[in-house]
$ cat input_17.txt   # compact mmCIF, C-alpha atoms and all ligand atoms
# COMPACT_ATOMS: atom_id res chain seq x y z
CA MET A 335 106.66 49.44 45.23
CA ASP A 336 108.66 46.45 46.29
CA LYS A 337 107.59 43.90 43.75
CA SER A 338 110.02 41.17 44.70
CA SER A 339 108.44 40.58 48.10
CA SER A 340 105.27 39.14 46.59
CA GLN A 341 106.94 37.18 43.78
CA ARG A 342 107.24 33.42 43.84
CA PHE A 343 110.06 31.46 42.27
CA ASP A 344 110.40 27.73 41.48
CA PRO A 345 114.08 26.79 41.59
CA LEU A 346 115.18 23.94 39.34
CA THR A 347 115.30 20.58 41.07
CA ARG A 348 118.01 17.97 40.57
CA THR A 349 115.59 15.97 38.47
CA TRP A 350 114.93 18.75 35.95
CA TRP A 351 116.13 16.56 33.12
CA LEU A 352 113.35 14.01 33.72
CA LYS A 353 110.75 16.62 32.79
CA HIS A 354 110.43 15.67 29.16
CA ARG A 355 111.76 13.61 26.28
CA PHE A 356 114.07 16.27 24.88
CA PHE A 357 116.01 16.67 28.14
CA LYS A 358 116.26 12.90 28.56
CA LEU A 359 117.72 12.58 25.08
CA TYR A 360 120.26 15.26 25.98
CA MET A 361 121.25 13.31 29.10
CA VAL A 362 121.65 10.11 27.05
CA ARG A 363 123.95 12.03 24.71
CA GLU A 364 126.03 13.23 27.65
CA ALA A 365 126.03 9.78 29.25
CA THR A 366 127.66 8.15 26.22
CA VAL A 367 130.94 9.16 27.80
CA LEU A 368 130.57 6.47 30.52
CA PRO A 369 131.04 3.34 28.37
CA LEU A 370 133.77 5.22 26.51
CA VAL A 371 135.67 5.69 29.77
CA PHE A 372 135.50 1.90 30.23
CA PHE A 373 136.92 1.38 26.73
CA ILE A 374 139.79 3.82 27.39
CA LEU A 375 140.63 2.02 30.65
CA CYS A 376 140.73 -1.30 28.75
CA LEU A 377 143.08 0.26 26.22
CA LEU A 378 145.36 1.62 28.95
CA ALA A 379 145.40 -1.76 30.69
CA GLY A 380 146.42 -3.28 27.34
CA PHE A 381 149.43 -0.96 27.02
CA VAL A 382 150.52 -1.66 30.58
CA SER A 383 150.27 -5.44 30.13
CA LEU A 384 152.20 -5.17 26.86
CA LEU A 385 155.05 -3.55 28.76
CA GLN A 386 154.88 -6.19 31.52
CA GLY A 387 155.55 -9.09 29.19
CA ALA A 388 153.94 -12.02 27.41
CA ASP A 389 152.07 -13.58 30.36
CA SER A 390 150.41 -10.36 31.30
CA TRP A 391 149.52 -9.71 27.63
CA GLN A 392 147.88 -13.13 27.31
CA GLY A 393 145.89 -12.38 30.45
CA TRP A 394 144.69 -9.11 28.95
CA VAL A 395 143.69 -10.81 25.67
CA ALA A 396 141.66 -13.36 27.63
CA PHE A 397 140.09 -10.60 29.67
CA MET A 398 139.10 -8.71 26.53
CA GLY A 399 137.51 -11.86 25.13
CA SER A 400 135.20 -12.45 28.07
CA PRO A 401 131.53 -11.94 27.21
CA ILE A 402 130.87 -9.11 29.67
CA VAL A 403 133.85 -7.08 28.49
CA LEU A 404 132.88 -7.72 24.88
CA ALA A 405 129.33 -6.58 25.57
CA LEU A 406 130.53 -3.44 27.37
CA ASN A 407 132.84 -2.56 24.51
CA LEU A 408 130.07 -3.13 21.98
CA LEU A 409 127.99 -0.75 24.07
CA ALA A 410 130.86 1.76 23.94
CA LEU A 411 130.94 1.44 20.15
CA ALA A 412 127.21 1.97 19.86
CA ALA A 413 127.39 4.92 22.28
CA SER A 414 130.16 6.63 20.35
CA LEU A 415 128.32 6.14 17.05
CA PHE A 416 125.21 7.67 18.64
CA HIS A 417 127.24 10.56 19.99
CA ALA A 418 128.83 11.06 16.57
CA ALA A 419 125.40 11.11 14.95
CA THR A 420 124.19 13.85 17.28
CA PHE A 421 127.45 15.78 17.00
CA PHE A 422 127.66 15.65 13.20
CA VAL A 423 124.19 17.21 12.91
CA LEU A 424 125.21 20.02 15.27
CA PHE A 425 128.46 20.75 13.46
CA PRO A 426 127.13 22.73 10.45
CA ARG A 427 125.11 24.90 12.85
CA VAL A 428 128.19 25.75 14.88
CA MET A 429 130.58 26.14 11.94
CA PRO A 430 128.61 27.04 8.85
CA LEU A 431 131.02 26.55 5.96
CA ARG A 432 130.91 28.90 3.03
CA ILE A 433 132.48 28.40 -0.34
CA ALA A 434 132.67 31.45 -2.60
CA GLY A 435 130.05 33.28 -0.55
CA HIS A 436 127.53 30.44 -0.57
CA ARG A 437 126.67 28.42 2.50
CA LEU A 438 127.24 24.69 2.06
CA PRO A 439 124.00 22.74 2.64
CA ASP A 440 123.87 21.13 6.10
CA ASN A 441 123.26 17.59 4.86
CA MET A 442 126.36 17.79 2.68
CA ILE A 443 128.50 18.61 5.73
CA VAL A 444 126.87 15.77 7.71
CA ALA A 445 127.47 13.34 4.82
CA GLY A 446 131.07 14.53 4.58
CA GLN A 447 131.68 13.74 8.23
CA TRP A 448 130.26 10.23 7.91
CA ALA A 449 132.44 9.71 4.82
CA GLY A 450 135.38 10.65 7.03
CA VAL A 451 134.39 8.07 9.63
CA LEU A 452 134.06 5.42 6.93
CA ALA A 453 137.48 6.31 5.45
CA VAL A 454 139.21 6.02 8.85
CA ALA A 455 137.41 2.74 9.60
CA LEU A 456 138.41 1.25 6.23
CA LEU A 457 142.00 2.38 6.74
CA PHE A 458 142.13 0.56 10.07
CA PHE A 459 140.54 -2.61 8.69
CA TRP A 460 143.10 -2.58 5.90
CA LEU A 461 146.02 -2.05 8.32
CA LEU A 462 144.79 -4.78 10.68
CA GLY A 463 144.09 -7.10 7.78
CA ARG A 464 147.71 -6.83 6.68
CA ALA A 465 149.12 -7.37 10.17
CA MET B 851 97.68 18.46 13.66
CA SER B 852 94.16 17.19 13.73
CA GLY B 853 93.96 16.14 10.14
CA ASP B 854 92.87 17.42 6.81
CA LYS B 855 90.04 19.80 7.53
CA ILE B 856 90.34 22.72 9.90
CA GLY B 857 87.07 24.55 10.44
CA THR B 858 85.12 26.65 12.87
CA ASP B 859 82.18 24.20 12.75
CA ASN B 860 84.11 21.51 14.58
CA LEU B 861 82.94 22.39 18.11
CA ASN B 862 83.87 20.50 21.24
CA THR B 863 84.86 21.00 24.87
CA LYS B 864 88.35 21.02 26.33
CA LEU B 865 89.73 21.03 29.84
CA ILE B 866 92.35 23.64 30.65
CA SER B 867 94.11 23.84 34.01
CA VAL B 868 95.86 27.06 34.90
CA LYS B 869 98.42 27.48 37.65
CA ARG B 870 97.06 30.46 39.55
CA TYR B 871 99.03 32.69 41.89
CA LEU B 872 97.35 35.58 43.64
CA PRO B 873 99.86 36.90 46.17
CA ASP B 874 97.33 39.23 47.80
CA ARG B 875 95.15 36.23 48.69
CA SER B 876 97.61 33.44 49.30
CA THR B 877 101.34 32.88 49.14
CA GLU B 878 100.79 29.44 47.59
CA PRO B 879 100.03 28.82 43.92
CA TYR B 880 97.14 26.49 43.08
CA TRP B 881 95.62 24.80 40.05
CA GLN B 882 92.26 25.88 38.68
CA SER B 883 90.44 23.97 35.94
CA PHE B 884 88.15 25.38 33.29
CA GLU B 885 85.99 23.64 30.74
CA LEU B 886 85.46 25.66 27.63
CA PRO B 887 84.01 25.37 24.15
CA VAL B 888 86.63 25.29 21.41
CA ASP B 889 86.75 24.81 17.67
CA ASP B 890 89.69 24.08 15.39
CA SER B 891 90.65 27.74 15.18
CA THR B 892 90.80 28.36 18.94
CA SER B 893 94.24 29.44 20.05
CA LEU B 894 95.39 29.18 23.64
CA LEU B 895 95.23 32.97 23.82
CA ASP B 896 91.59 32.85 22.65
CA ALA B 897 90.94 30.34 25.41
CA LEU B 898 92.54 32.55 28.08
CA ASN B 899 90.50 35.51 26.83
CA HIS B 900 87.37 33.38 27.03
CA ILE B 901 88.19 32.43 30.62
CA LYS B 902 88.79 36.04 31.60
CA GLU B 903 85.66 37.35 29.89
CA GLN B 904 83.21 34.57 30.74
CA LEU B 905 84.47 32.42 33.60
CA ASP B 906 86.88 34.19 35.95
CA SER B 907 87.85 37.81 35.52
CA THR B 908 90.64 37.61 38.12
CA LEU B 909 92.95 35.71 35.73
CA SER B 910 96.08 37.68 34.73
CA TYR B 911 98.22 37.06 31.65
CA ARG B 912 100.01 39.12 29.01
CA TRP B 913 99.28 39.57 25.36
CA SER B 914 99.11 42.26 22.74
CA CYS B 915 99.46 41.46 19.06
CA ARG B 916 97.82 37.97 18.96
CA MET B 917 99.93 37.27 15.84
CA ALA B 918 103.31 36.04 17.12
CA ILE B 919 105.19 39.30 16.77
CA CYS B 920 105.06 41.19 20.10
CA GLY B 921 106.46 38.29 22.09
CA SER B 922 104.43 38.92 25.24
CA CYS B 923 102.14 35.87 25.47
CA GLY B 924 104.65 33.15 26.38
CA VAL B 925 103.48 30.42 28.81
CA MET B 926 104.32 26.79 29.59
CA VAL B 927 101.94 24.38 27.88
CA ASN B 928 102.27 20.90 29.38
CA GLY B 929 105.77 21.88 30.46
CA ILE B 930 106.92 23.25 27.08
CA PRO B 931 107.36 27.00 26.51
CA LYS B 932 104.96 28.28 23.83
CA LEU B 933 103.40 31.47 22.51
CA GLY B 934 99.72 31.49 23.52
CA CYS B 935 98.66 33.06 20.23
CA LYS B 936 100.60 30.56 18.11
CA THR B 937 99.39 27.48 20.01
CA PHE B 938 96.17 25.83 18.89
CA LEU B 939 94.06 23.69 21.18
CA ARG B 940 93.23 21.34 18.28
CA ASP B 941 96.78 19.99 18.65
CA TYR B 942 96.17 18.80 22.23
CA ASP B 943 94.22 15.89 23.65
CA GLY B 944 93.15 15.61 27.25
CA GLU B 945 93.85 18.11 29.98
CA ILE B 946 96.04 21.06 28.95
CA ARG B 947 98.18 22.41 31.78
CA ILE B 948 99.16 26.07 31.60
CA GLU B 949 101.88 27.57 33.80
CA PRO B 950 103.84 30.82 33.76
CA LEU B 951 107.18 30.75 31.89
CA ALA B 952 109.74 28.68 33.79
CA HIS B 953 112.95 30.08 35.31
CA PHE B 954 111.48 33.57 35.85
CA PRO B 955 110.02 34.94 39.10
CA VAL B 956 106.20 34.90 38.97
CA GLN B 957 104.37 38.11 39.84
CA ARG B 958 100.81 36.91 39.44
CA ASP B 959 99.11 34.01 37.66
CA LEU B 960 100.80 33.76 34.23
CA VAL B 961 102.69 37.06 34.51
CA VAL B 962 106.43 36.75 35.09
CA ASP B 963 109.11 39.31 35.88
CA MET B 964 111.40 39.56 32.83
CA GLU B 965 113.74 42.15 34.32
CA ILE B 966 116.78 39.89 34.28
CA PHE B 967 116.24 39.01 30.60
CA LEU B 968 116.18 42.72 29.74
CA GLU B 969 119.38 43.24 31.74
CA HIS B 970 121.09 40.46 29.77
CA LEU B 971 119.91 41.98 26.49
CA ALA B 972 121.24 45.42 27.38
CA ALA B 973 124.56 43.99 28.59
CA VAL B 974 125.57 42.69 25.13
CA LYS B 975 125.14 46.12 23.46
CA PRO B 976 122.56 45.03 20.90
CA TYR B 977 122.89 47.97 18.51
CA LEU B 978 125.25 49.07 15.76
CA ILE B 979 128.48 50.38 17.18
CA ASP B 980 130.13 52.53 14.58
CA ASP B 981 133.58 53.88 15.23
CA ASN B 982 133.94 54.95 11.64
CA PRO B 983 135.60 58.37 11.76
CA VAL B 984 133.58 59.42 8.71
CA LYS B 985 130.11 60.55 9.80
CA PRO B 986 127.08 59.54 7.71
CA PHE B 987 126.12 63.16 7.00
CA ASP B 988 129.54 63.75 5.52
CA PRO B 989 128.96 64.11 1.76
CA ALA B 990 132.33 62.46 1.26
CA ALA B 991 130.86 59.22 2.65
CA PRO B 992 127.43 58.65 1.11
CA GLN B 993 127.84 54.86 1.15
CA THR B 994 128.63 54.34 4.83
CA TYR B 995 125.57 52.22 5.55
CA GLN B 996 125.18 50.31 2.32
CA GLN B 997 124.95 46.55 2.64
CA SER B 998 124.77 43.82 0.02
CA PRO B 999 122.16 41.01 0.14
CA ALA B 1000 124.98 38.55 0.88
CA GLN B 1001 126.08 40.62 3.87
CA LEU B 1002 122.49 40.80 5.07
CA ALA B 1003 122.08 37.03 4.71
CA ARG B 1004 124.89 36.40 7.20
CA TYR B 1005 122.92 37.71 10.19
CA LYS B 1006 119.30 37.89 9.04
CA GLN B 1007 118.15 34.73 10.80
CA PHE B 1008 119.48 36.02 14.14
CA ALA B 1009 117.67 39.33 13.66
CA ASN B 1010 114.22 37.70 13.75
CA CYS B 1011 114.06 37.47 17.54
CA ILE B 1012 110.91 38.93 19.14
CA ASN B 1013 112.25 38.81 22.72
CA CYS B 1014 109.55 36.42 23.89
CA GLY B 1015 111.87 34.69 26.35
CA LEU B 1016 110.69 31.15 25.48
CA CYS B 1017 114.32 30.12 24.99
CA TYR B 1018 115.15 31.19 28.57
CA SER B 1019 112.38 28.95 29.88
CA ALA B 1020 113.78 26.12 27.76
CA CYS B 1021 117.35 26.54 28.96
CA PRO B 1022 118.33 24.47 32.03
CA GLN B 1023 121.62 26.38 32.31
CA PHE B 1024 119.69 29.64 32.73
CA GLY B 1025 117.39 27.84 35.16
CA LEU B 1026 120.40 26.79 37.23
CA ASN B 1027 122.20 30.13 36.98
CA PRO B 1028 120.18 33.24 36.05
CA GLU B 1029 123.43 35.19 35.61
CA PHE B 1030 123.99 33.28 32.35
CA ARG B 1031 123.41 35.85 29.59
CA GLY B 1032 121.28 33.25 27.84
CA PRO B 1033 120.20 32.29 24.32
CA ALA B 1034 118.38 35.38 22.99
CA ALA B 1035 120.90 37.93 24.33
CA ILE B 1036 123.85 36.01 22.92
CA ALA B 1037 122.03 35.45 19.60
CA LEU B 1038 121.45 39.19 19.37
CA ALA B 1039 125.09 39.94 20.21
CA HIS B 1040 126.06 37.51 17.46
CA ARG B 1041 123.66 39.20 15.06
CA TYR B 1042 125.47 42.53 15.52
CA ASN B 1043 128.90 40.90 15.43
CA LEU B 1044 128.02 39.48 12.00
CA ASP B 1045 126.74 42.81 10.69
CA SER B 1046 129.07 44.40 8.15
CA ARG B 1047 128.16 47.90 9.41
CA ASP B 1048 129.13 47.16 12.99
CA HIS B 1049 132.47 47.68 14.71
CA GLY B 1050 131.54 46.67 18.24
CA LYS B 1051 132.68 43.04 18.30
CA LYS B 1052 135.60 43.74 20.60
CA GLN B 1053 133.38 45.41 23.19
CA ARG B 1054 130.87 42.57 23.06
CA MET B 1055 133.56 39.89 23.31
CA ALA B 1056 134.38 41.05 26.84
CA GLU B 1057 130.79 40.14 27.73
CA LEU B 1058 130.57 36.91 25.71
CA ASN B 1059 133.97 35.37 26.41
CA ARG B 1060 133.44 34.48 30.07
CA HIS B 1061 131.64 31.84 32.05
CA GLU B 1062 128.32 33.70 32.24
CA GLY B 1063 128.69 34.43 28.53
CA VAL B 1064 128.89 31.72 25.90
CA TRP B 1065 130.75 29.23 28.10
CA SER B 1066 127.77 28.39 30.33
CA CYS B 1067 126.11 26.72 27.35
CA THR B 1068 126.33 22.92 27.05
CA PHE B 1069 124.36 22.79 23.79
CA VAL B 1070 121.24 21.24 25.22
CA GLY B 1071 119.65 22.79 22.15
CA PHE B 1072 116.08 22.99 23.47
CA CYS B 1073 116.09 26.80 23.08
CA SER B 1074 116.22 26.40 19.30
CA LYS B 1075 113.45 23.79 19.38
CA VAL B 1076 111.00 26.10 21.16
CA CYS B 1077 111.88 29.35 19.35
CA PRO B 1078 108.74 30.49 17.49
CA LYS B 1079 110.81 32.53 15.01
CA HIS B 1080 113.42 29.90 14.01
CA VAL B 1081 116.23 32.09 15.25
CA ASP B 1082 118.29 29.03 16.28
CA PRO B 1083 119.85 30.72 19.32
CA ALA B 1084 121.79 27.53 20.14
CA ALA B 1085 123.67 27.87 16.86
CA ALA B 1086 124.41 31.53 17.62
CA VAL B 1087 125.75 30.73 21.09
CA ASN B 1088 127.97 27.97 19.77
CA GLN B 1089 129.23 30.04 16.85
CA GLY B 1090 129.94 32.57 19.59
CA LYS B 1091 132.11 29.95 21.33
CA VAL B 1092 134.22 29.58 18.19
CA GLU B 1093 134.58 33.37 17.98
CA ALA B 1094 135.40 33.62 21.68
CA ALA B 1095 138.07 30.93 21.35
CA LYS B 1096 139.60 32.77 18.37
CA HIS B 1097 139.49 35.98 20.38
CA THR B 1098 141.38 34.33 23.27
CA LEU B 1099 144.01 32.86 20.94
CA ILE B 1100 144.60 36.16 19.17
CA ALA B 1101 144.89 37.98 22.51
CA LEU B 1102 147.41 35.34 23.61
CA PHE B 1103 149.69 35.92 20.64
CA LYS B 1104 149.42 39.67 20.81
CA GLY B 1105 150.52 39.37 24.45
S1 LIG C 1201 115.54 33.61 20.27
FE1 LIG C 1201 113.48 32.85 19.73
S2 LIG C 1201 112.70 31.96 21.68
FE2 LIG C 1201 114.41 33.30 22.22
S3 LIG C 1201 113.50 35.29 22.73
FE3 LIG C 1201 114.08 35.35 20.52
S4 LIG C 1201 112.24 34.69 19.39
FE4 LIG C 1201 111.93 34.11 21.57
S1 LIG C 1202 100.16 38.08 21.58
FE1 LIG C 1202 101.93 38.96 20.60
S2 LIG C 1202 103.21 37.20 20.35
FE2 LIG C 1202 101.38 36.35 21.13
$ encode --input "input_17.txt" --output "structure tokens"
Amino acid sequence: MDKSSSQRFDPLTRTWWLKHRFFKLYMVREATVLPLVFFILCLLAGFVSLLQGADSWQGWVAFMGSPIVLALNLLALAASLFHAATFFVLFPRVMPLRIAGHRLPDNMIVAGQWAGVLAVALLFFWLLGRA
Amino acid sequence: MSGDKIGTDNLNTKLISVKRYLPDRSTEPYWQSFELPVDDSTSLLDALNHIKEQLDSTLSYRWSCRMAICGSCGVMVNGIPKLGCKTFLRDYDGEIRIEPLAHFPVQRDLVVDMEIFLEHLAAVKPYLIDDNPVKPFDPAAPQTYQQSPAQLARYKQFANCINCGLCYSACPQFGLNPEFRGPAAIALAHRYNLDSRDHGKKQRMAELNRHEGVWSCTFVGFCSKVCPKHVDPAAAVNQGKVEAAKHTLIALFKG
């Protein structure tokens, strides 16, 4: 019997991710890359203007201080923190760590990663504070 | 959950809409609504049985064990893949919309064709592959298949799969490309790769370490959310990515 002739099939539409909350949250996670791209472009522009001399550097500093740019970069910071939060929770599931045959509890690994973020942030504040 | 007390005396009426498809009558699916009496203990499977026995005997759906172990009663409930026998109507308000499992071809009403899922399962060689030259009946090797509790613990979670296919209906990557081996097949491959008695990892890696293997996954993670057995297939697939990457690196250095 040819069963496929009478079968029906619903292909996924482009808007599949609007179907429910879980998929939307996934898309938000993936979309955090967009403000980050903006931040990276700002950073690159900064390096270029540094090479071009003092005038250009001053221009870049002014540009970075404008409210819209500040807001966008704050958004990028929030987005990357959100992405980190989702990623840190996934990490112990992807790389379960074992010490002496025992699996480390997930929340310990998550806490460890946030401690790492804090350490790096403090290091930078300290370096910038001295400059 | 509808609160503190669950009882069979708490009778009321609920509205269930089922997406019907009867290819011998019409090529188009249609929605049919049923009003039925339910109490707090009524599962969705009970409701479907009630419809078939009392209201419309033409309804087709699958079930067998009615205790979340055979894996045959999967359907979409308000767009979320669920086991009919493990879903209770007391947890739903308003109209409950039942559809066949997403991403599979529909044969009739709530019955889907799972052929491709079975192909994916078979492709990853989900059984112990033992190339140990010493055979188990050899008296010189009485301990061939012994395993410690710690060794068992490494894969046990991934061995709980009941092949219900809910994770395939939850996976947009499988929905976009049915050639993707998918969550349950890769979880099962991982289960055997982690088994201390198995020597088939190399053979399975050929299947896993390619685009239709682990690399189609973008860690949407919904498969693990809907899994009725807490297998966490998303974790298995992504642990599989780490293994596949190691495999590639090692192959690179060996030339
Ligand atoms: S991994 Fe879970 S959801 Fe997927 S087939 Fe197995 S039991 Fe069902
Ligand atoms: S009837 Fe067997 S899992 Fe639901």
$ residues_near_ligand --input "input_17.txt" --ligand "ligand LIG 1201 (chain C)" --cutoff "6 Å" --atoms "all atoms listed in the file" --output "VMD selection string"
chain B and resid 1011 to 1017 1034 1077 to 1079 1081 1083
$ axis_aligned_box --input "input_17.txt" --around "range 410-416 of chain A" --padding-each-side "6 Å" --output "JSON"
{"center_x": 128.1, "center_y": 4.6, "center_z": 20.5, "size_x": 17.7, "size_y": 18.2, "size_z": 18.9}
$ closest_atom_pairs --input "input_17.txt" --of "chain A" --to "chain B" --cutoff "7 Å" --atoms "all atoms listed in the file" --output "Markdown table"
| residue | atom | partner | partner_atom | distance |
| --- | --- | --- | --- | --- |
| A:Ser340 | CA | B:Pro873 | CA | 5.9 |
| A:Gln341 | CA | B:Gln957 | CA | 4.8 |
| A:Arg342 | CA | B:Val956 | CA | 5.2 |
| A:Phe343 | CA | B:Pro955 | CA | 4.7 |
| A:Leu346 | CA | B:Gly1025 | CA | 6.1 |
| A:Tyr360 | CA | B:Val1070 | CA | 6.1 |
| A:Arg427 | CA | B:Ala1085 | CA | 5.2 |
| A:Val428 | CA | B:Gln1089 | CA | 4.8 |
| A:Met429 | CA | B:Gln1089 | CA | 6.4 |
$ residues_around --input "input_17.txt" --residues "range 437-454 of chain A" --least-positions-apart "4" --cutoff "7 Å" --atoms "all atoms listed in the file" --output "list of chain:residue names"
A:Phe422, A:Val423, A:Pro426, A:Pro430, A:Leu431, A:Arg432, A:Ile433, A:Phe458
$ residues_near_ligand --input "input_17.txt" --ligand "ligand LIG 1202 (chain C)" --cutoff "9 Å" --atoms "only C-alpha atoms and all ligand atoms" --output "ChimeraX atom specification"
/B:895,912-924,933-936,1012,1014
$ atom_distance --input "input_17.txt" --atom1 "CA of Gly380 in chain A" --atom2 "CA of Phe397 in chain A"
10.0 Å
$ atom_distance --input "input_17.txt" --atom1 "CA of Asp890 in chain B" --atom2 "CA of Arg940 in chain B"
5.3 Å
$ atom_distance --input "input_17.txt" --atom1 "CA of Leu898 in chain B" --atom2 "CA of Asn862 in chain B"
16.3 Å
$ residues_around --input "input_17.txt" --residues "Glu969 in chain B" --least-positions-apart "6" --cutoff "12 Å" --atoms "only C-alpha atoms" --output "PyMOL selection string"
chain B and resi 963+975-976+1028-1032+1034-1035
$ residues_around --input "input_17.txt" --residues "Lys1052 in chain B" --least-positions-apart "4" --cutoff "10 Å" --atoms "only C-alpha atoms" --output "list in words"
Asn1043, Ala1056, Glu1057, Leu1058 and His1097 of chain B
$ residues_around --input "input_17.txt" --residues "Met361 in chain A" --least-positions-apart "3" --cutoff "12 Å" --atoms "only C-alpha atoms" --output "list in words"
Thr349, Trp350, Trp351, Leu352, Lys353, His354, Arg355, Phe356, Phe357, Lys358, Glu364, Ala365, Thr366, Val367, Leu368 and His417 of chain A; Pro1022, Thr1068, Phe1069, Val1070 and Gly1071 of chain B
$ closest_residue --input "input_17.txt" --among "B:Asp981, B:Glu885, B:Asp959, B:Glu965" --to "Gly944 in chain B" --atoms "all atoms listed in the file"
B:Glu885
